[in-house]
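Coordinates from work29.cif are shown below (mmCIF, C-alpha atoms).
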data_start
loop_
_atom_site.label_atom_id
_atom_site.label_comp_id
_atom_site.auth_asym_id
_atom_site.auth_seq_id
_atom_site.Cartn_x
_atom_site.Cartn_y
_atom_site.Cartn_z
CA MET N 1 95.92 -33.65 124.35
CA LEU N 2 99.54 -34.81 124.54
CA SER N 3 100.72 -31.43 123.25
CA LYS N 4 98.81 -29.59 125.99
CA LEU N 5 100.22 -31.94 128.62
CA LEU N 6 103.72 -31.28 127.29
CA PHE N 7 103.11 -27.55 127.49
CA TYR N 8 101.48 -27.36 130.93
CA LEU N 9 103.38 -30.15 132.68
CA VAL N 10 106.85 -29.68 131.17
CA LEU N 11 107.49 -26.42 129.28
CA LEU N 12 105.59 -23.98 131.50
CA PRO N 13 107.00 -25.34 134.80
CA LEU N 14 110.50 -25.18 133.27
CA ALA N 15 109.96 -21.48 132.56
CA TYR N 16 109.78 -20.77 136.30
CA LEU N 17 113.16 -22.28 137.08
CA PRO N 18 115.83 -19.73 138.10
CA ILE N 19 117.45 -18.15 135.05
CA ARG N 20 120.90 -19.47 135.98
CA VAL N 21 119.43 -23.01 136.06
CA LEU N 22 117.89 -22.53 132.62
CA TYR N 23 121.22 -21.48 131.16
CA ALA N 24 122.86 -24.47 132.80
CA LEU N 25 120.18 -26.53 131.05
CA SER N 26 121.21 -24.81 127.82
CA THR N 27 124.68 -26.31 128.16
CA PHE N 28 123.11 -29.76 128.46
CA ILE N 29 120.87 -29.10 125.45
CA PHE N 30 123.95 -28.10 123.45
CA PHE N 31 125.58 -31.40 124.38
CA LEU N 32 122.51 -33.33 123.19
CA LEU N 33 122.09 -31.37 119.95
CA TYR N 34 125.73 -31.29 118.96
CA LYS N 35 127.36 -34.36 120.48
CA VAL N 36 124.59 -36.94 120.97
CA PHE N 37 121.96 -36.46 118.26
CA GLY N 38 123.87 -34.32 115.76
CA TYR N 39 120.70 -32.34 115.12
CA ARG N 40 120.61 -31.45 111.41
CA LYS N 41 124.40 -31.40 111.32
CA LYS N 42 124.52 -32.16 107.61
CA VAL N 43 122.19 -29.22 106.89
CA VAL N 44 124.16 -26.85 109.15
CA PHE N 45 127.58 -27.76 107.73
CA ASN N 46 126.38 -27.66 104.12
CA ASN N 47 124.73 -24.27 104.64
CA LEU N 48 127.87 -22.86 106.25
CA ARG N 49 130.23 -24.24 103.62
CA ASN N 50 128.10 -22.95 100.75
CA SER N 51 127.65 -19.54 102.38
CA PHE N 52 131.33 -19.11 103.26
CA PRO N 53 133.37 -20.97 100.62
CA GLU N 54 136.43 -18.96 101.65
CA LYS N 55 136.47 -20.60 105.09
CA GLY N 56 138.38 -23.83 105.71
CA ASP N 57 137.00 -26.94 107.41
CA GLU N 58 138.36 -25.94 110.82
CA GLU N 59 136.75 -22.49 110.65
CA ILE N 60 133.43 -24.03 109.60
CA ALA N 61 133.60 -26.52 112.48
CA VAL N 62 134.26 -23.74 115.01
CA LEU N 63 131.41 -21.68 113.57
CA ALA N 64 129.03 -24.65 113.69
CA LYS N 65 129.87 -25.33 117.32
CA LYS N 66 129.20 -21.69 118.22
CA TYR N 67 125.90 -21.93 116.37
CA TYR N 68 124.75 -24.97 118.35
CA ARG N 69 125.60 -23.21 121.63
CA HIS N 70 123.52 -20.25 120.53
CA LEU N 71 120.66 -22.50 119.35
CA ALA N 72 120.56 -24.10 122.80
CA ASP N 73 120.34 -20.64 124.37
CA ILE N 74 117.49 -19.72 122.03
CA ALA N 75 115.65 -22.88 123.09
CA VAL N 76 115.80 -22.00 126.80
CA GLU N 77 115.00 -18.35 126.06
CA LEU N 78 111.85 -19.47 124.24
CA VAL N 79 110.84 -21.20 127.49
CA LEU N 80 111.97 -18.28 129.67
CA ASN N 81 109.96 -15.91 127.50
CA MET N 82 106.76 -17.58 128.70
CA ARG N 83 107.08 -16.09 132.17
CA LEU N 84 109.15 -12.90 131.98
CA SER N 85 107.44 -9.76 133.29
CA PRO N 86 107.44 -6.69 131.01
CA LYS N 87 110.12 -5.05 133.15
CA LYS N 88 112.45 -8.06 132.97
CA LEU N 89 111.75 -8.63 129.29
CA PHE N 90 112.52 -5.03 128.36
CA ALA N 91 115.71 -5.18 130.40
CA ARG N 92 116.80 -8.11 128.23
CA TYR N 93 115.49 -6.82 124.91
CA ARG N 94 115.81 -3.10 124.18
CA VAL N 95 115.09 -1.01 121.09
CA THR N 96 117.91 1.53 120.70
CA ASN N 97 116.15 3.96 118.33
CA PRO N 98 112.35 3.77 118.79
CA GLN N 99 112.08 7.31 117.44
CA MET N 100 112.40 5.87 113.93
CA THR N 101 108.91 4.38 114.30
CA THR N 102 107.46 7.13 116.50
CA LYS N 103 107.50 9.61 113.62
CA TYR N 104 105.30 7.29 111.54
CA PHE N 105 102.89 6.78 114.43
CA GLU N 106 102.53 10.53 114.84
CA GLN N 107 101.68 10.74 111.13
CA GLY N 108 99.04 8.01 111.57
CA LYS N 109 101.07 5.58 109.46
CA SER N 110 101.72 1.90 109.89
CA VAL N 111 105.19 0.44 109.38
CA ILE N 112 106.48 -2.91 108.13
CA LEU N 113 109.43 -4.26 110.10
CA MET N 114 111.49 -6.73 108.07
CA SER N 115 113.92 -9.01 109.87
CA ALA N 116 115.04 -12.63 110.20
CA HIS N 117 115.60 -15.57 112.51
CA TYR N 118 118.74 -13.95 113.82
CA ASN N 119 119.53 -13.83 117.54
CA ASN N 120 116.30 -13.86 119.57
CA TRP N 121 113.10 -13.23 117.58
CA GLU N 122 110.67 -14.54 120.23
CA TYR N 123 111.37 -11.62 122.57
CA MET N 124 110.47 -9.22 119.75
CA ILE N 125 107.11 -10.91 119.20
CA THR N 126 106.20 -10.75 122.87
CA SER N 127 107.43 -7.21 123.52
CA LEU N 128 106.44 -5.54 120.23
CA GLU N 129 103.17 -4.06 121.52
CA HIS N 130 105.02 -2.25 124.34
CA GLN N 131 108.31 -1.49 122.61
CA LEU N 132 106.54 0.82 120.14
CA LEU N 133 103.54 3.14 120.09
CA HIS N 134 102.04 1.16 117.19
CA HIS N 135 99.78 -1.84 117.63
CA GLY N 136 102.03 -4.87 117.19
CA VAL N 137 101.32 -7.69 114.75
CA GLY N 138 103.70 -10.58 114.22
CA VAL N 139 103.28 -12.35 110.88
CA GLY N 140 104.46 -15.92 111.27
CA LYS N 141 104.30 -19.49 110.08
CA GLN N 142 102.17 -21.84 112.16
CA LEU N 143 103.81 -24.91 113.69
CA SER N 144 102.73 -28.26 112.31
CA ASN N 145 101.66 -29.13 115.86
CA VAL N 146 98.65 -26.81 116.02
CA PRO N 147 97.60 -27.45 119.68
CA LEU N 148 101.14 -26.72 120.91
CA ASP N 149 101.32 -23.66 118.66
CA LYS N 150 98.11 -22.30 120.22
CA CYS N 151 99.50 -22.77 123.72
CA LEU N 152 102.75 -21.02 122.83
CA ASN N 153 100.91 -18.13 121.16
CA LYS N 154 98.84 -17.50 124.27
CA ARG N 155 102.08 -16.79 126.12
CA ARG N 156 103.66 -14.87 123.21
CA THR N 157 100.69 -12.52 122.95
CA ARG N 158 100.03 -11.93 126.66
CA PHE N 159 101.21 -8.30 126.46
CA GLY N 160 99.00 -7.42 123.49
CA THR N 161 100.97 -8.32 120.36
CA GLU N 162 98.83 -10.12 117.82
CA VAL N 163 100.14 -13.14 115.88
CA VAL N 164 98.67 -13.97 112.47
CA PHE N 165 99.43 -16.60 109.86
CA ALA N 166 99.21 -16.91 106.08
CA ASP N 167 95.50 -17.70 106.10
CA THR N 168 94.56 -14.44 107.85
CA VAL N 169 97.38 -12.01 107.00
CA ARG N 170 95.51 -10.39 104.10
CA GLN N 171 92.43 -9.77 106.23
CA THR N 172 94.61 -8.38 109.02
CA PHE N 173 96.28 -5.81 106.76
CA GLU N 174 92.95 -4.90 105.21
CA TYR N 175 91.27 -4.40 108.59
CA TYR N 176 93.94 -2.23 110.23
CA GLU N 177 94.70 -0.15 107.14
CA HIS N 178 91.00 0.35 106.35
CA HIS N 179 90.35 1.47 109.94
CA HIS N 180 93.49 3.64 110.01
CA VAL N 181 95.07 1.88 113.00
CA PRO N 182 98.84 2.58 113.01
CA THR N 183 100.26 -0.93 113.14
CA ALA N 184 103.78 -2.34 113.23
CA TYR N 185 103.83 -5.53 111.15
CA MET N 186 106.78 -7.71 112.15
CA MET N 187 107.74 -9.95 109.22
CA LEU N 188 110.58 -12.49 109.33
CA CYS N 189 111.39 -12.83 105.64
CA ASP N 190 114.29 -15.29 105.66
CA GLN N 191 112.27 -18.50 105.51
CA SER N 192 112.11 -20.64 102.40
CA PRO N 193 109.13 -19.53 100.25
CA ASN N 194 106.14 -21.80 99.69
CA ASP N 195 105.79 -20.82 96.03
CA ILE N 196 109.04 -20.53 94.05
CA HIS N 197 107.20 -18.76 91.22
CA LYS N 198 105.87 -15.92 93.41
CA CYS N 199 109.01 -15.01 95.33
CA TRP N 200 111.95 -12.73 94.54
CA TRP N 201 115.05 -14.51 93.28
CA THR N 202 118.45 -13.12 94.09
CA THR N 203 121.95 -14.11 95.23
CA PHE N 204 122.21 -14.34 99.00
CA LEU N 205 125.28 -15.68 100.83
CA ASN N 206 126.76 -16.86 97.52
CA GLN N 207 123.68 -18.91 96.61
CA ASP N 208 120.61 -18.63 94.39
CA THR N 209 117.86 -17.77 96.87
CA GLY N 210 114.12 -17.30 96.68
CA VAL N 211 112.93 -14.63 99.10
CA ILE N 212 109.34 -14.24 100.31
CA TYR N 213 107.80 -11.26 98.53
CA GLY N 214 104.94 -10.60 100.98
CA ALA N 215 106.48 -7.63 102.81
CA GLU N 216 107.03 -5.71 99.57
CA TYR N 217 103.58 -6.68 98.29
CA PHE N 218 101.77 -5.29 101.34
CA ALA N 219 104.04 -2.25 101.53
CA LYS N 220 103.09 -1.29 97.98
CA LYS N 221 99.42 -2.21 98.28
CA TYR N 222 98.90 0.05 101.31
CA ASN N 223 101.85 2.44 100.80
CA ILE N 224 103.40 1.48 104.16
CA PRO N 225 106.95 2.62 105.08
CA VAL N 226 109.44 -0.22 105.54
CA LEU N 227 112.25 -0.63 108.06
CA TYR N 228 114.80 -3.36 108.64
CA TYR N 229 115.62 -4.22 112.23
CA GLU N 230 118.85 -5.79 113.37
CA VAL N 231 119.09 -7.73 116.63
CA ASN N 232 122.51 -7.70 118.28
CA LYS N 233 123.52 -9.81 121.26
CA VAL N 234 125.02 -7.61 124.00
CA LYS N 235 125.82 -10.58 126.22
CA ARG N 236 124.25 -13.93 126.97
CA GLY N 237 120.49 -13.44 127.20
CA PHE N 238 120.55 -9.68 126.47
CA TYR N 239 119.84 -8.07 123.09
CA GLU N 240 119.53 -4.68 121.42
CA VAL N 241 117.30 -3.92 118.44
CA THR N 242 118.25 -1.21 115.96
CA PHE N 243 115.98 -0.01 113.15
CA ARG N 244 117.40 0.84 109.73
CA HIS N 245 115.58 2.63 106.94
CA ILE N 246 114.52 0.84 103.75
CA THR N 247 111.92 3.16 102.24
CA ASP N 248 109.26 5.73 103.12
CA THR N 249 107.70 5.58 99.66
CA PRO N 250 107.35 1.94 98.58
CA ASN N 251 105.26 2.83 95.53
CA ASP N 252 108.20 4.79 94.14
CA THR N 253 110.48 1.74 94.19
CA GLN N 254 111.16 -0.73 91.39
CA HIS N 255 109.81 -4.27 91.54
CA GLY N 256 111.93 -6.25 93.98
CA GLU N 257 113.85 -3.21 95.21
CA ILE N 258 112.52 -3.42 98.79
CA VAL N 259 113.25 -7.13 99.07
CA GLU N 260 116.70 -6.64 97.56
CA LYS N 261 117.58 -3.91 100.07
CA TYR N 262 116.42 -6.17 102.88
CA VAL N 263 118.52 -9.08 101.60
CA ARG N 264 121.67 -6.94 101.41
CA MET N 265 121.12 -5.64 104.97
CA LEU N 266 120.50 -9.14 106.33
CA GLU N 267 123.57 -10.48 104.54
CA GLN N 268 125.67 -7.76 106.15
CA THR N 269 124.23 -8.61 109.57
CA ILE N 270 124.91 -12.32 109.21
CA LYS N 271 128.47 -11.85 107.99
CA GLN N 272 129.32 -9.82 111.10
CA GLN N 273 128.42 -12.70 113.47
CA PRO N 274 127.29 -15.74 111.47
CA GLU N 275 126.72 -18.02 114.46
CA TYR N 276 123.54 -16.15 115.41
CA TRP N 277 121.50 -17.02 112.30
CA LEU N 278 119.27 -20.11 112.02
CA TRP N 279 121.61 -22.37 110.04
CA SER N 280 119.67 -25.57 110.79
CA HIS N 281 116.78 -24.32 108.63
CA ARG N 282 116.64 -25.90 105.15
CA ARG N 283 116.85 -22.46 103.57
CA TRP N 284 118.04 -23.49 100.12
CA LYS N 285 115.86 -26.52 99.44
CA HIS N 286 114.30 -24.87 96.36
CA LYS N 287 115.98 -24.22 93.02
CA ARG N 288 115.42 -21.16 90.88
CA PRO N 289 112.81 -21.95 88.18
CA SER N 290 114.07 -21.76 84.61
CA GLU N 291 112.00 -18.66 83.77
CA ASN N 292 113.91 -16.72 86.48
CA VAL N 293 117.37 -17.68 85.32
#
Written as structure tokens, that's how I'd like the structure from this file.
Amino acid sequence: MLSKLLFYLVLLPLAYLPIRVLYALSTFIFFLLYKVFGYRKKVVFNNLRNSFPEKGDEEIAVLAKKYYRHLADIAVELVLNMRLSPKKLFARYRVTNPQMTTKYFEQGKSVILMSAHYNNWEYMITSLEHQLLHHGVGVGKQLSNVPLDKCLNKRRTRFGTEVVFADTVRQTFEYYEHHHVPTAYMMLCDQSPNDIHKCWWTTFLNQDTGVIYGAEYFAKKYNIPVLYYEVNKVKRGFYEVTFRHITDTPNDTQHGEIVEKYVRMLEQTIKQQPEYWLWSHRRWKHKRPSENV
């Protein structure tokens, strides 16, 4: 009940404030996160230092500050996303090369879109159904606050994108592939895996990293082409999405090859502008099991 009150009495009314007011609020949120509460500062600084050992303390501090400013923007954009019309959303979030997915749609094929919590991922969830010809499915991780998560998902999916979680993802793939519905499965694969024995272990940003294997698993099971998509910030509040090819023939790849290609692409993206990745996530909380060493 409290979660629904928070959503309908606080978050949703905030969404209808003028955009310039929301970005002014972002500046205040940055002040709270960075200066007052120090939100996960230890996690952020440790992640940055371990990922960029060549950078000195001053460079890391500057990078962390930029990250918190961006995180505050993402927070207000999550709220803003709840009320944007399709026209205004697409003006702020544009796919530069949709033809890369159109060819698969015309062949009656689904496509797996691998990406990360880099720049704005919420706009992609909401706009996916209309950005592409495919039916859009976002594969995500449910919030611990289930009532609030349900309220947020109603707004995320208002334009037709479907959001599924771990407990229904297998049934979702099975249904759409069995019924030959060309579907774009959006999968953010940079989260820490739940099972360290069933993920792909590699070196990512100078650290031993377990990567969720699900995208490669489903690609091979249903022979679905795989693309990586990169989200670049054009200016404050405006983004461009660019698709990059991973494979058209997943069953011809070696075990872990798809995940490894994704990791190398994501690493390249992050190194270009590190402040736009989700550094406050406890990404490296797991250690590689001895059998994977």
ask   = Which polymer residues have any atom within 9 Å of an atom of N:Gln191, counting only C-alpha atoms, with same-chain residues fewer than 6 positions away left out, as a PyMOL selection string?
value = chain N and resi 116-117+211-212+281-283
| request: Starting from the shown file, work through the PyMOL selection byres ((chain N and resi 213-220) around 7) and note down what comes out as a ChimeraX atom specification. | output: /N:187,199-200,211-212,221-225,250-251,258-259
Pick from N:Leu128, N:Val10, N:Leu71, N:Ile196, whichever lies nearest to N:Ala184 using only C-alpha atoms =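 Checking each of N:Leu128, N:Val10, N:Leu71, N:Ile196 against N:Ala184, counting only C-alpha atoms, the winner is N:Leu128.
Proximity ranking of N:Leu148, N:His70, N:Tyr39, N:Ser280 relative to N:Tyr23 places N:His70 first, based on only C-alpha atoms.
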All residues 10 Å or closer to N:Gly136, all atoms listed in the file, same chain fewer than 4 positions away omitted, as a list in words:
Ser110, Val111, Met124, Ile125, Thr126, Ser127, Leu128, Glu129, His130, Gln131, Leu132, Thr157, Phe159, Gly160, Thr161, Glu162, Val163, Pro182, Thr183, Ala184, Tyr185 and Met186 of chain N
Need the neighbours of (125.9, -13.2, 110.8): which residues are at most 12 Å away, counting only C-alpha atoms, as a ChimeraX atom specification? /N:48,51-52,63,66-67,116-119,205,230-233,265-279
Hey, what comes out of the PyMOL selection byres ((chain N and resi 95) around 8) on this file? Could you write it as a ChimeraX atom specification? /N:93-94,96-98,131,240-242
Atom pair atom CA of N:Ala24 + atom CA of N:Arg156, distance 23.5 Å
> Using all atoms listed in the file, which of the listed residues (N:Tyr239, N:His134, N:Asn50, N:Val21) sits closest to N:Gln107?
Replying inline: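 For N:Gln107, the nearest of the given residues is N:His134.
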Review point. Atom CA of N:Asn153 and atom CA of N:Cys189, how far apart in Å?
Key: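 Taking atom CA of N:Cys189 and atom CA of N:Asn153, their separation equals 19.5 Å.
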Let me make sure I understand: among N:Val137, N:Leu84, N:Met1, N:Leu227, which one has the smallest atom-to-atom distance to N:Thr172 if we use all atoms listed in the file?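 That would be N:Val137, the residue with the smallest distance to N:Thr172.
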Mind checking which residues fall within 8 Å of N:His286, counting only C-alpha atoms, ignoring those fewer than 5 positions away in the same chain, and posting them as a ChimeraX atom specification? /N:192,196,209-210
All residues 9 Å or closer to stretch 25-33 of chain N, only C-alpha atoms, same chain fewer than 3 positions away omitted, as a PyMOL selection string:
chain N and resi 20-22+36-41+65+68-76
Generate a file of the selected residues that holds C-alpha atoms, formatted as an mmCIF file, keeping the file's coordinate frame.
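So out-v6.cif came out as:
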data_model
loop_
_atom_site.group_PDB
_atom_site.id
_atom_site.type_symbol
_atom_site.label_atom_id
_atom_site.label_comp_id
_atom_site.auth_asym_id
_atom_site.auth_seq_id
_atom_site.Cartn_x
_atom_site.Cartn_y
_atom_site.Cartn_z
ATOM 1 C CA ARG N 20 120.900 -19.470 135.980
ATOM 2 C CA VAL N 21 119.430 -23.010 136.060
ATOM 3 C CA LEU N 22 117.890 -22.530 132.620
ATOM 4 C CA VAL N 36 124.590 -36.940 120.970
ATOM 5 C CA PHE N 37 121.960 -36.460 118.260
ATOM 6 C CA GLY N 38 123.870 -34.320 115.760
ATOM 7 C CA TYR N 39 120.700 -32.340 115.120
ATOM 8 C CA ARG N 40 120.610 -31.450 111.410
ATOM 9 C CA LYS N 41 124.400 -31.400 111.320
ATOM 10 C CA LYS N 65 129.870 -25.330 117.320
ATOM 11 C CA TYR N 68 124.750 -24.970 118.350
ATOM 12 C CA ARG N 69 125.600 -23.210 121.630
ATOM 13 C CA HIS N 70 123.520 -20.250 120.530
ATOM 14 C CA LEU N 71 120.660 -22.500 119.350
ATOM 15 C CA ALA N 72 120.560 -24.100 122.800
ATOM 16 C CA ASP N 73 120.340 -20.640 124.370
ATOM 17 C CA ILE N 74 117.490 -19.720 122.030
ATOM 18 C CA ALA N 75 115.650 -22.880 123.090
ATOM 19 C CA VAL N 76 115.800 -22.000 126.800
#
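Of note, atom CA of N:Val226 and atom CA of N:Asp167 are spaced 22.4 Å apart.
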Radius query 9 Å about (115.7, -2.5, 102.4), atoms used: only C-alpha atoms, as a ChimeraX atom specification
/N:114,226-228,244-247,257-265
Let me make sure I understand: among N:Arg288, N:Leu78, N:Val44, N:Ser85, which one has the smallest atom-to-atom distance to N:Asp195 if we use all atoms listed in the file?
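Using all atoms listed in the file, the shortest distance to N:Asp195 belongs to N:Arg288.
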Q | Nearest candidate to N:Arg49 (options N:Ala64, N:Val146, N:Ala15, N:Val169; using only C-alpha atoms) | A |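 Selected residue with least distance to N:Arg49: N:Ala64.
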(message) Just want the 12 Å neighbourhood of N:Asn145, counted on only C-alpha atoms, with same-chain residues fewer than 2 positions away dropped. Output as a PyMOL selection string.
(response) chain N and resi 1-4+6-7+141-143+147-152
How would stretch 2-16 of chain N look with N, CA and C atoms restored, written as a short mmCIF file (atom, residue, chain, number, x, y, z; two decimals), in the coordinates of the input?
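As a result, result.cif now contains:
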data_model
loop_
_atom_site.label_atom_id
_atom_site.label_comp_id
_atom_site.auth_asym_id
_atom_site.auth_seq_id
_atom_site.Cartn_x
_atom_site.Cartn_y
_atom_site.Cartn_z
N LEU N 2 98.15 -34.61 124.14
CA LEU N 2 99.54 -34.81 124.54
C LEU N 2 100.34 -33.51 124.45
N SER N 3 100.03 -32.71 123.42
CA SER N 3 100.72 -31.43 123.25
C SER N 3 100.43 -30.48 124.41
N LYS N 4 99.18 -30.45 124.86
CA LYS N 4 98.81 -29.59 125.99
C LYS N 4 99.45 -30.08 127.27
N LEU N 5 99.53 -31.38 127.44
CA LEU N 5 100.22 -31.94 128.62
C LEU N 5 101.69 -31.56 128.60
N LEU N 6 102.32 -31.67 127.42
CA LEU N 6 103.72 -31.28 127.29
C LEU N 6 103.91 -29.83 127.67
N PHE N 7 102.99 -28.97 127.22
CA PHE N 7 103.11 -27.55 127.49
C PHE N 7 102.92 -27.24 128.98
N TYR N 8 101.83 -27.73 129.56
CA TYR N 8 101.48 -27.36 130.93
C TYR N 8 102.24 -28.14 132.01
N LEU N 9 102.70 -29.34 131.68
CA LEU N 9 103.38 -30.15 132.68
C LEU N 9 104.91 -30.12 132.54
N VAL N 10 105.40 -29.69 131.38
CA VAL N 10 106.85 -29.68 131.17
C VAL N 10 107.36 -28.27 130.85
N LEU N 11 106.92 -27.70 129.74
CA LEU N 11 107.49 -26.42 129.28
C LEU N 11 107.20 -25.26 130.24
N LEU N 12 105.93 -25.10 130.63
CA LEU N 12 105.59 -23.98 131.50
C LEU N 12 106.25 -24.07 132.87
N PRO N 13 106.26 -25.24 133.52
CA PRO N 13 107.00 -25.34 134.80
C PRO N 13 108.50 -25.04 134.63
N LEU N 14 109.08 -25.47 133.51
CA LEU N 14 110.50 -25.18 133.27
C LEU N 14 110.76 -23.68 133.23
N ALA N 15 109.79 -22.93 132.70
CA ALA N 15 109.96 -21.48 132.56
C ALA N 15 110.18 -20.79 133.90
N TYR N 16 109.70 -21.40 134.98
CA TYR N 16 109.78 -20.77 136.30
C TYR N 16 111.01 -21.20 137.10
#
